[in-house]
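K.L.:
If it helps, the file is called input.txt and holds compact mmCIF, C-alpha atoms:
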```txt
# COMPACT_ATOMS: atom_id res chain seq x y z
CA MET E 299 52.45 193.41 157.28
CA MET E 300 50.92 194.66 154.07
CA GLY E 301 47.42 194.49 155.49
CA GLU E 302 48.49 196.47 158.61
CA HIS E 303 50.81 199.03 157.05
CA SER E 304 50.15 201.76 154.53
CA ILE E 305 51.61 201.80 151.04
CA GLU E 306 53.77 204.73 152.24
CA PHE E 307 55.29 202.53 154.94
CA SER E 308 55.91 199.73 152.43
CA ILE E 309 57.67 202.10 150.02
CA PHE E 310 59.73 203.47 152.93
CA VAL E 311 60.80 199.95 153.94
CA ILE E 312 61.65 198.92 150.37
CA PHE E 313 63.76 201.94 149.45
CA THR E 314 65.50 202.41 152.78
CA SER E 315 66.46 198.75 152.88
CA ALA E 316 67.35 198.80 149.17
CA ALA E 317 69.84 201.61 149.81
CA VAL E 318 71.57 199.48 152.46
CA PHE E 319 71.57 196.33 150.32
CA ALA E 320 72.72 198.24 147.23
CA THR E 321 75.70 199.54 149.22
CA LEU E 322 76.61 195.99 150.22
CA ALA E 323 76.17 194.83 146.60
CA LEU E 324 78.56 197.47 145.30
CA TYR E 325 81.19 196.48 147.83
CA ALA E 326 80.67 192.86 146.77
CA ARG E 327 81.00 193.88 143.09
CA GLN E 328 77.48 192.79 142.29
CA ALA E 329 74.81 194.39 140.13
CA MET E 330 72.33 196.17 142.39
CA ILE E 331 69.45 194.26 140.79
CA VAL E 332 70.66 191.20 142.72
CA ALA E 333 70.39 193.16 145.98
CA TYR E 334 66.79 194.13 145.25
CA ILE E 335 65.74 190.51 144.63
CA LEU E 336 67.54 189.28 147.77
CA LEU E 337 65.89 192.07 149.74
CA GLY E 338 62.48 190.86 148.55
CA LEU E 339 63.37 187.34 149.68
CA LEU E 340 64.35 188.63 153.12
CA LEU E 341 61.45 191.01 153.77
CA GLY E 342 58.71 189.17 151.87
CA PRO E 343 56.20 186.58 153.11
CA TRP E 344 58.75 183.74 152.74
CA GLY E 345 61.32 185.69 154.79
CA ILE E 346 60.65 187.76 157.91
CA ALA E 347 57.28 188.85 156.44
CA LEU E 348 57.73 192.56 157.10
CA ILE E 349 55.77 192.90 153.87
CA SER E 350 53.55 189.84 153.92
CA ASP E 351 51.41 190.42 150.83
CA ALA E 352 53.42 191.33 147.74
CA LYS E 353 50.41 191.57 145.38
CA LEU E 354 49.92 195.35 145.55
CA ILE E 355 53.68 195.95 145.32
CA SER E 356 53.77 193.65 142.29
CA GLU E 357 50.96 195.56 140.57
CA ILE E 358 52.74 198.88 141.12
CA SER E 359 56.03 197.39 139.93
CA ASN E 360 54.56 196.43 136.56
CA ILE E 361 54.76 200.12 135.65
CA GLY E 362 58.54 199.73 135.82
CA ILE E 363 58.45 197.00 133.18
CA ILE E 364 56.26 199.22 130.98
CA PHE E 365 58.80 202.05 131.20
CA LEU E 366 61.69 199.62 130.69
CA LEU E 367 60.22 198.39 127.40
CA TYR E 368 59.35 201.95 126.39
CA LEU E 369 62.98 202.99 126.82
CA LEU E 370 64.21 199.86 125.02
CA GLY E 371 62.02 200.87 122.10
CA LEU E 372 63.44 204.40 122.21
CA ASP E 373 66.94 202.90 121.92
CA LEU E 374 65.96 200.92 118.84
CA LEU E 375 67.55 203.26 116.31
CA PRO E 376 66.92 201.86 112.81
CA GLN E 377 70.13 203.35 111.43
CA GLN E 378 72.28 201.76 114.13
CA LEU E 379 70.61 198.37 113.75
CA TRP E 380 70.84 198.50 109.96
CA LYS E 381 74.58 199.26 110.15
CA MET E 382 75.28 195.88 111.76
CA PHE E 383 72.09 194.13 110.68
CA ARG E 384 73.53 191.12 108.88
CA GLU E 385 76.17 190.28 111.50
CA ALA E 386 73.84 190.89 114.44
CA VAL E 387 71.01 188.82 112.94
CA ILE E 388 73.27 185.85 112.19
CA VAL E 389 74.94 185.92 115.61
CA THR E 390 71.64 186.39 117.47
CA LEU E 391 69.65 183.77 115.56
CA VAL E 392 72.35 181.08 115.71
CA SER E 393 72.99 181.70 119.41
CA SER E 394 69.24 181.78 120.15
CA ILE E 395 68.68 178.44 118.41
CA THR E 396 71.68 176.95 120.21
CA PHE E 397 70.52 177.98 123.68
CA PHE E 398 66.89 177.15 122.98
CA LEU E 399 67.98 173.59 122.21
CA LEU E 400 70.21 173.43 125.29
CA GLY E 401 67.42 174.69 127.55
CA PHE E 402 64.93 172.30 125.95
CA ILE E 403 67.29 169.35 126.49
CA VAL E 404 67.83 170.32 130.14
CA GLY E 405 64.05 170.44 130.58
CA ILE E 406 63.65 166.96 129.09
CA ILE E 407 66.51 165.58 131.23
CA PHE E 408 64.75 166.83 134.37
CA ASN E 409 61.49 165.19 133.26
CA PHE E 410 59.53 168.31 132.35
CA ASP E 411 56.98 168.01 129.55
CA TYR E 412 57.65 169.30 126.05
CA PHE E 413 55.81 172.61 126.49
CA VAL E 414 57.58 173.48 129.73
CA SER E 415 60.92 172.42 128.23
CA ALA E 416 60.22 174.67 125.23
CA LEU E 417 59.59 177.60 127.59
CA ILE E 418 62.82 176.85 129.44
CA GLY E 419 64.57 176.84 126.06
CA ALA E 420 62.97 180.19 125.23
CA ILE E 421 64.16 181.90 128.43
CA MET E 422 67.70 180.70 127.73
CA MET E 423 67.83 182.60 124.43
CA PHE E 424 68.07 186.06 125.94
CA SER E 425 70.86 188.00 127.65
CA SER E 426 70.29 190.74 130.21
CA THR E 427 69.84 194.25 128.84
CA ILE E 428 70.20 195.67 132.35
CA ILE E 429 73.51 193.94 133.09
CA GLY E 430 74.75 194.27 129.51
CA LEU E 431 74.21 198.03 129.40
CA LYS E 432 74.47 199.10 133.05
CA LEU E 433 77.89 197.48 133.43
CA LEU E 434 79.07 199.05 130.16
CA PRO E 435 80.87 202.41 130.53
CA THR E 436 79.18 205.23 128.61
CA SER E 437 82.30 205.74 126.46
CA ILE E 438 82.14 202.12 125.29
CA LEU E 439 78.35 202.16 125.00
CA HIS E 440 78.22 205.10 122.60
CA HIS E 441 81.62 205.32 120.93
CA LYS E 442 83.21 201.86 120.77
CA HIS E 443 82.55 198.92 118.47
CA THR E 444 82.04 196.61 121.45
CA GLY E 445 79.07 198.71 122.50
CA GLN E 446 77.58 198.58 119.00
CA ILE E 447 77.83 194.78 118.93
CA ILE E 448 76.23 194.33 122.35
CA ILE E 449 73.40 196.78 121.65
CA SER E 450 72.63 195.25 118.25
CA VAL E 451 72.45 191.71 119.66
CA LEU E 452 70.32 192.81 122.62
CA LEU E 453 67.91 194.71 120.39
CA ILE E 454 67.29 191.71 118.14
CA GLN E 455 66.90 189.52 121.23
CA ASP E 456 64.31 192.00 122.50
CA LEU E 457 62.34 191.64 119.26
CA ILE E 458 62.39 187.83 119.63
CA ALA E 459 61.27 188.21 123.26
CA ILE E 460 58.33 190.32 122.12
CA ILE E 461 57.28 187.43 119.84
CA VAL E 462 57.46 185.03 122.81
CA LEU E 463 55.33 187.42 124.85
CA LEU E 464 52.82 187.56 121.99
CA LEU E 465 52.60 183.76 121.91
CA LEU E 466 52.04 183.60 125.68
CA GLN E 467 49.49 186.41 125.41
CA GLY E 468 47.60 184.33 122.84
CA TYR E 469 47.76 181.25 125.06
CA ASP E 470 46.28 183.28 127.91
CA LYS E 471 43.04 183.84 125.97
CA GLY E 472 41.88 180.25 126.42
CA GLY E 473 39.77 178.38 123.87
CA ASN E 474 41.47 177.53 120.60
CA HIS E 475 45.10 178.42 121.35
CA ILE E 476 46.25 178.36 117.74
CA VAL E 477 43.52 180.77 116.65
CA ASP E 478 44.18 183.05 119.64
CA ILE E 479 47.93 183.12 118.99
CA VAL E 480 47.37 183.95 115.31
CA ASN E 481 44.97 186.72 116.34
CA GLN E 482 47.60 188.15 118.67
CA ILE E 483 50.14 188.24 115.87
CA LEU E 484 47.59 189.92 113.56
CA TYR E 485 46.75 192.54 116.19
CA LEU E 486 50.39 193.66 116.26
CA PRO E 487 50.55 195.24 112.75
CA PHE E 488 47.20 196.93 113.46
CA LEU E 489 48.65 198.44 116.64
CA VAL E 490 51.83 199.52 114.85
CA THR E 491 49.85 201.17 112.04
CA VAL E 492 47.53 203.11 114.34
CA VAL E 493 50.37 204.23 116.62
CA TYR E 494 52.59 205.25 113.69
CA LEU E 495 49.84 207.35 112.08
CA PHE E 496 49.00 209.06 115.38
CA GLU E 497 52.69 209.78 116.05
CA ARG E 498 53.27 211.07 112.53
CA PHE E 499 50.29 213.41 112.22
CA ILE E 500 49.55 214.48 115.80
CA LEU E 501 52.32 213.72 118.28
CA PHE E 502 55.18 214.86 116.03
CA LYS E 503 53.44 218.21 115.39
CA LEU E 504 52.93 218.75 119.11
CA ILE E 505 56.59 217.98 119.77
CA GLN E 506 57.70 220.40 117.04
CA ARG E 507 55.42 223.13 118.37
CA PHE E 508 56.37 222.88 122.05
CA GLU E 509 59.80 221.20 122.09
CA GLN E 510 61.34 224.03 124.12
CA ILE E 511 58.93 223.49 127.01
CA TYR E 512 60.67 220.58 128.71
CA GLU E 513 58.01 220.02 131.35
CA TYR E 514 55.39 219.57 128.61
CA ILE E 515 57.61 217.18 126.62
CA PHE E 516 58.24 215.12 129.76
CA LEU E 517 54.49 214.94 130.43
CA LEU E 518 53.77 214.10 126.78
CA ALA E 519 56.37 211.29 126.82
CA ILE E 520 54.76 209.66 129.86
CA ALA E 521 51.27 210.05 128.43
CA TRP E 522 52.38 208.55 125.10
CA CYS E 523 53.94 205.53 126.80
CA LEU E 524 51.01 204.79 129.11
CA GLY E 525 48.40 205.71 126.49
CA VAL E 526 49.75 203.30 123.85
CA ALA E 527 50.24 200.63 126.52
CA GLU E 528 46.60 200.96 127.56
CA PHE E 529 45.41 200.95 123.93
CA ALA E 530 47.39 197.76 123.29
CA HIS E 531 45.78 196.17 126.34
CA TYR E 532 42.32 197.30 125.14
CA ILE E 533 42.70 195.53 121.77
CA GLY E 534 43.94 192.34 123.41
CA LEU E 535 47.73 192.73 123.52
CA SER E 536 49.81 193.42 126.63
CA HIS E 537 50.75 196.73 128.19
CA GLU E 538 54.42 195.79 127.75
CA ILE E 539 54.14 195.26 123.99
CA GLY E 540 52.26 198.55 123.65
CA ALA E 541 54.98 200.40 125.55
CA PHE E 542 57.68 198.88 123.34
CA ILE E 543 55.84 199.97 120.18
CA ALA E 544 55.38 203.45 121.67
CA GLY E 545 59.14 203.70 122.15
CA VAL E 546 60.01 202.38 118.68
CA THR E 547 57.79 204.96 116.97
CA LEU E 548 59.63 207.75 118.79
CA ALA E 549 63.14 206.31 118.35
CA SER E 550 63.99 208.53 115.36
CA SER E 551 62.57 211.67 116.98
CA PRO E 552 65.09 214.42 117.85
CA ILE E 553 63.82 214.36 121.43
CA ALA E 554 64.27 210.59 121.90
CA LEU E 555 67.53 211.04 123.82
CA PHE E 556 65.97 213.74 126.00
CA ILE E 557 63.01 211.48 126.84
CA THR E 558 65.33 208.56 127.57
CA GLU E 559 67.41 210.56 130.04
CA ARG E 560 64.43 212.15 131.76
CA LEU E 561 62.50 208.89 132.21
CA LYS E 562 65.37 206.78 133.52
CA PRO E 563 64.90 207.83 137.19
CA LEU E 564 61.16 207.08 136.94
CA ARG E 565 61.87 203.71 135.34
CA ASP E 566 64.47 202.85 137.98
CA PHE E 567 62.05 203.74 140.78
CA PHE E 568 59.49 201.22 139.56
CA LEU E 569 62.09 198.61 138.57
CA ILE E 570 63.43 198.56 142.12
CA ILE E 571 59.91 197.71 143.25
CA PHE E 572 59.58 195.12 140.45
CA PHE E 573 62.71 193.20 141.38
CA PHE E 574 61.82 193.46 145.07
CA SER E 575 58.40 191.96 144.33
CA LEU E 576 60.01 189.12 142.39
CA GLY E 577 62.07 188.24 145.43
CA ALA E 578 59.09 188.68 147.76
CA SER E 579 56.94 186.33 145.69
CA PHE E 580 59.63 183.66 145.44
CA ASN E 581 58.70 180.54 147.40
CA ILE E 582 61.85 179.62 149.32
CA GLY E 583 60.19 176.40 150.45
CA ILE E 584 60.49 174.78 147.01
CA ILE E 585 64.19 175.54 146.46
CA GLY E 586 65.01 171.95 147.38
CA ASP E 587 63.05 170.75 144.35
CA ILE E 588 64.38 173.23 141.79
CA TYR E 589 67.92 174.18 142.78
CA LEU E 590 69.67 171.56 140.65
CA PRO E 591 68.09 172.42 137.25
CA ALA E 592 68.37 176.13 138.15
CA ILE E 593 72.11 175.79 138.77
CA VAL E 594 72.55 173.80 135.54
CA LEU E 595 70.72 176.45 133.48
CA ALA E 596 72.65 179.31 135.10
CA LEU E 597 76.02 177.62 134.54
CA LEU E 598 75.14 176.86 130.91
CA ALA E 599 74.42 180.56 130.40
CA VAL E 600 77.47 181.88 132.25
CA VAL E 601 79.96 179.35 130.83
CA LEU E 602 78.68 178.58 127.34
CA LYS E 603 77.15 181.89 126.22
CA PRO E 604 80.51 183.72 126.23
CA LEU E 605 82.06 180.86 124.23
CA VAL E 606 79.24 180.70 121.68
CA PHE E 607 79.02 184.48 121.18
CA SER E 608 82.79 184.77 120.96
CA PHE E 609 83.00 181.99 118.36
CA LEU E 610 80.20 183.45 116.25
CA LEU E 611 81.62 186.98 116.36
CA VAL E 612 85.09 185.77 115.38
CA PHE E 613 83.47 183.76 112.58
CA GLU E 614 81.86 187.00 111.40
CA GLY E 615 85.25 188.71 111.29
CA GLU E 616 85.45 190.49 114.64
CA LYS E 617 88.68 190.69 116.63
CA LYS E 618 89.18 188.01 119.26
CA SER E 619 89.51 190.50 122.13
CA ILE E 620 86.29 192.31 121.18
CA SER E 621 84.47 189.02 120.61
CA LYS E 622 85.58 187.63 123.98
CA GLU E 623 84.54 190.75 125.90
CA SER E 624 81.18 190.94 124.10
CA GLY E 625 80.53 187.27 124.85
CA ILE E 626 81.29 187.64 128.55
CA ARG E 627 79.12 190.75 128.84
CA LEU E 628 76.25 188.79 127.24
CA GLY E 629 76.83 185.70 129.38
CA GLN E 630 73.73 185.49 131.57
CA ILE E 631 69.96 184.94 131.41
CA SER E 632 67.77 188.00 130.85
CA GLU E 633 65.35 189.93 133.03
CA PHE E 634 63.03 189.39 130.06
CA SER E 635 62.98 185.77 131.21
CA LEU E 636 61.58 186.95 134.54
CA LEU E 637 58.81 188.79 132.71
CA ILE E 638 58.13 185.73 130.55
CA SER E 639 57.95 183.49 133.63
CA VAL E 640 55.46 185.84 135.33
CA LEU E 641 53.25 186.03 132.23
CA ALA E 642 53.45 182.26 131.68
CA LEU E 643 52.45 181.65 135.30
CA ASN E 644 49.54 184.10 135.13
CA SER E 645 48.33 182.57 131.86
CA GLY E 646 48.34 179.06 133.35
CA PHE E 647 51.01 177.84 130.93
CA ILE E 648 53.31 176.79 133.81
CA GLU E 649 53.02 176.04 137.53
CA GLU E 650 54.59 178.06 140.33
CA ASN E 651 57.56 175.68 140.69
CA ILE E 652 58.58 176.27 137.04
CA ALA E 653 58.28 180.05 137.43
CA SER E 654 60.44 179.82 140.57
CA LEU E 655 62.94 177.64 138.70
CA ILE E 656 63.29 180.28 135.99
CA GLN E 657 63.59 183.09 138.54
CA LEU E 658 66.26 181.23 140.53
CA SER E 659 68.30 180.42 137.42
CA VAL E 660 68.16 184.09 136.36
CA LEU E 661 69.28 185.23 139.81
CA ILE E 662 72.21 182.80 139.93
CA SER E 663 73.32 183.81 136.43
CA PHE E 664 73.08 187.51 137.40
CA VAL E 665 75.29 187.00 140.44
CA LEU E 666 77.95 184.97 138.60
CA SER E 667 77.97 187.04 135.41
CA SER E 668 78.06 190.47 137.06
CA TYR E 669 80.90 189.35 139.33
CA ILE E 670 82.94 188.11 136.35
CA ILE E 671 82.31 191.29 134.33
CA VAL E 672 83.19 193.63 137.19
CA LEU E 673 86.34 191.61 137.93
CA LYS E 674 87.64 191.50 134.34
CA TYR E 675 86.39 194.56 132.44
CA PRO E 676 85.80 198.31 132.86
CA THR E 677 82.49 199.08 134.58
CA PRO E 678 81.01 202.10 136.37
CA ILE E 679 80.87 200.17 139.69
CA SER E 680 84.29 198.53 139.81
CA SER E 681 86.14 198.72 143.13
CA ASN E 682 89.38 198.69 141.15
CA ASP E 683 90.35 202.27 140.20
CA SER E 684 91.94 201.13 136.93
CA LEU E 685 88.69 199.41 135.84
CA ARG E 686 86.18 201.99 137.09
CA ARG E 687 84.88 204.03 134.16
CA ASP E 688 81.65 205.97 133.80
```
For this file, produce the structure as structure tokens.
P.N.:
Amino acid sequence: MMGEHSIEFSIFVIFTSAAVFATLALYARQAMIVAYILLGLLLGPWGIALISDAKLISEISNIGIIFLLYLLGLDLLPQQLWKMFREAVIVTLVSSITFFLLGFIVGIIFNFDYFVSALIGAIMMFSSTIIGLKLLPTSILHHKHTGQIIISVLLIQDLIAIIVLLLLQGYDKGGNHIVDIVNQILYLPFLVTVVYLFERFILFKLIQRFEQIYEYIFLLAIAWCLGVAEFAHYIGLSHEIGAFIAGVTLASSPIALFITERLKPLRDFFLIIFFFSLGASFNIGIIGDIYLPAIVLALLAVVLKPLVFSFLLVFEGEKKSISKESGIRLGQISEFSLLISVLALNSGFIEENIASLIQLSVLISFVLSSYIIVLKYPTPISSNDSLRRD
């Protein structure tokens, strides 16, 4: 148990077991993220309790989310987003409104109050960046129009998710919620301004001066991410928002791609722990109370999101085949929804059963969506030789 074993033993158990579960997931044509969550369920306090206290693991895993948002910010290339800005904004906003309303209605039908139903609507707006990009072959990701569509939609969704996180961050302050939420939104431009000026006049000069020393650039990239995240937390925002801003300010830098590639293993290390901790903290005992709305939300995402995205993309002039594939690849609930559920729970906005409902609906949508994608389209993990592409 966590109190009886060292952190070294816990890490050993998580990663050794994760390797076994990931192997099974690949044979089952599932995204490995599903294996990590199921592993947490099995080994956590609600399973066999090999790791009985997931709090420390959860705290360590939050670093993975910080790096994830940092790398998302690094991928936010203004020129790429501007190229498809109009189409991506229309498709993303219309689809977001549609699925917010659907999620809200589901919440009302299952007798949740208006605020909880609004949060359920919010988590339905986003598609998974991890599944969307990790199941996309590199050739399609960087050189095909399908990849441009998916990235553009996901990036705008990420910006909307940041706004939701800001609102929850404001709610967490207590007192006058409206004032606190407005303050959070006002802190954001202050953070962006300070970070931009520091990057422009100090960080950029350091990068130019020492760009050939890769070890230094790697160290500087980590320090920049964690430093801005901590500064954001100091002024009242979240570490995650700070990390995202840190990435955005470096997105146009010539070393952005280098940083992205070098930090991916570090990010993946912590993300494995993050998804394990989500599974470990999931209360299996309340599944009987939440499974029905969770299944409804997951099916709405997996069945209706591909149809809505496909319709909107065709309406915007895209080919039917490209629109259909893009819709299916975006047809799930996002890991951002997991982050939102955790923050909402910690802020007291929702109870544990609602957080578990969101987590279960995300997991079900991950399983169904990744299976459909791997079965129908080229992916790096396909068991079919004709569909396996890196």
K.L.:
Suppose you want the space between atom CA of E:Ile309 and atom CA of E:Ile520; what is it in Å?
P.N.:
21.7 Å
K.L.:
If you count all atoms listed in the file, which residues fall within 12 Å of stretch 409-419 of chain E, apart from same-chain ones fewer than 5 positions away, as number ranges by chain?
P.N.:
E: 393-404, 424, 459, 462-463, 465-466, 469, 588, 591-592, 594-596, 598-599, 631, 635-636, 638-639, 641-643, 646-657, 659-660
K.L.:
Using only C-alpha atoms, which residue out of E:Thr677, E:Thr427, E:Ser579, E:Ser619 lies closest to E:Ser450?
P.N.:
E:Thr427
K.L.:
Show me as a ChimeraX atom specification the residues that reach within 12 Å of (62.3, 211.7, 120.6), counting all atoms listed in the file and using the file's own coordinates.
P.N.:
/E:368-369,371-375,497,501-502,504-506,509,515-516,518-519,522,544-561
K.L.:
Write to file, as a short mmCIF file (atom, residue, chain, number, x, y, z; two decimals), keeping the file's coordinate frame, the residues of the selection just made, with C-alpha atoms.
P.N.:
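What follows is the written file result_2.cif:
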```
data_model
loop_
_atom_site.label_atom_id
_atom_site.label_comp_id
_atom_site.auth_asym_id
_atom_site.auth_seq_id
_atom_site.Cartn_x
_atom_site.Cartn_y
_atom_site.Cartn_z
CA TYR E 368 59.35 201.95 126.39
CA LEU E 369 62.98 202.99 126.82
CA GLY E 371 62.02 200.87 122.10
CA LEU E 372 63.44 204.40 122.21
CA ASP E 373 66.94 202.90 121.92
CA LEU E 374 65.96 200.92 118.84
CA LEU E 375 67.55 203.26 116.31
CA GLU E 497 52.69 209.78 116.05
CA LEU E 501 52.32 213.72 118.28
CA PHE E 502 55.18 214.86 116.03
CA LEU E 504 52.93 218.75 119.11
CA ILE E 505 56.59 217.98 119.77
CA GLN E 506 57.70 220.40 117.04
CA GLU E 509 59.80 221.20 122.09
CA ILE E 515 57.61 217.18 126.62
CA PHE E 516 58.24 215.12 129.76
CA LEU E 518 53.77 214.10 126.78
CA ALA E 519 56.37 211.29 126.82
CA TRP E 522 52.38 208.55 125.10
CA ALA E 544 55.38 203.45 121.67
CA GLY E 545 59.14 203.70 122.15
CA VAL E 546 60.01 202.38 118.68
CA THR E 547 57.79 204.96 116.97
CA LEU E 548 59.63 207.75 118.79
CA ALA E 549 63.14 206.31 118.35
CA SER E 550 63.99 208.53 115.36
CA SER E 551 62.57 211.67 116.98
CA PRO E 552 65.09 214.42 117.85
CA ILE E 553 63.82 214.36 121.43
CA ALA E 554 64.27 210.59 121.90
CA LEU E 555 67.53 211.04 123.82
CA PHE E 556 65.97 213.74 126.00
CA ILE E 557 63.01 211.48 126.84
CA THR E 558 65.33 208.56 127.57
CA GLU E 559 67.41 210.56 130.04
CA ARG E 560 64.43 212.15 131.76
CA LEU E 561 62.50 208.89 132.21
#
```
K.L.:
Quote the spacing between atom CA of E:Leu673 and atom CA of E:Leu341 in Å to one decimal place.
P.N.:
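The value is 29.5 Å.
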K.L.:
Atom CA of E:Trp344 and atom CA of E:Ile571 are how many Å apart?
P.N.:
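So the two atoms, atom CA of E:Trp344 and atom CA of E:Ile571, lie 16.9 Å apart.
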K.L.:
With all atoms listed in the file as the basis for distance, which of E:Phe365, E:Phe408, E:Phe499, E:Phe609 is at the shortest distance from E:Ala521?
P.N.:
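Once distances to E:Ala521 are computed over all atoms listed in the file, the minimum belongs to E:Phe365.
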K.L.:
For E:Phe568, which residue among E:Gly540, E:Val332, E:Ile358, E:Phe307 is the nearest when counting all atoms listed in the file?
P.N.:
E:Ile358
K.L.:
Please return, as a list of chain:residue names, all polymer residues that have at least one atom within 12 Å of the point (89.0, 188.4, 132.1); use only C-alpha atoms and the file's own coordinate frame.
P.N.:
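Counting only C-alpha atoms, I find these residues within 12 Å of (89.0, 188.4, 132.1): E:Pro604, E:Ser619, E:Ile620, E:Lys622, E:Glu623, E:Ser624, E:Gly625, E:Ile626, E:Arg627, E:Ser667, E:Tyr669, E:Ile670, E:Ile671, E:Val672, E:Leu673, E:Lys674, E:Tyr675, E:Pro676, E:Leu685.
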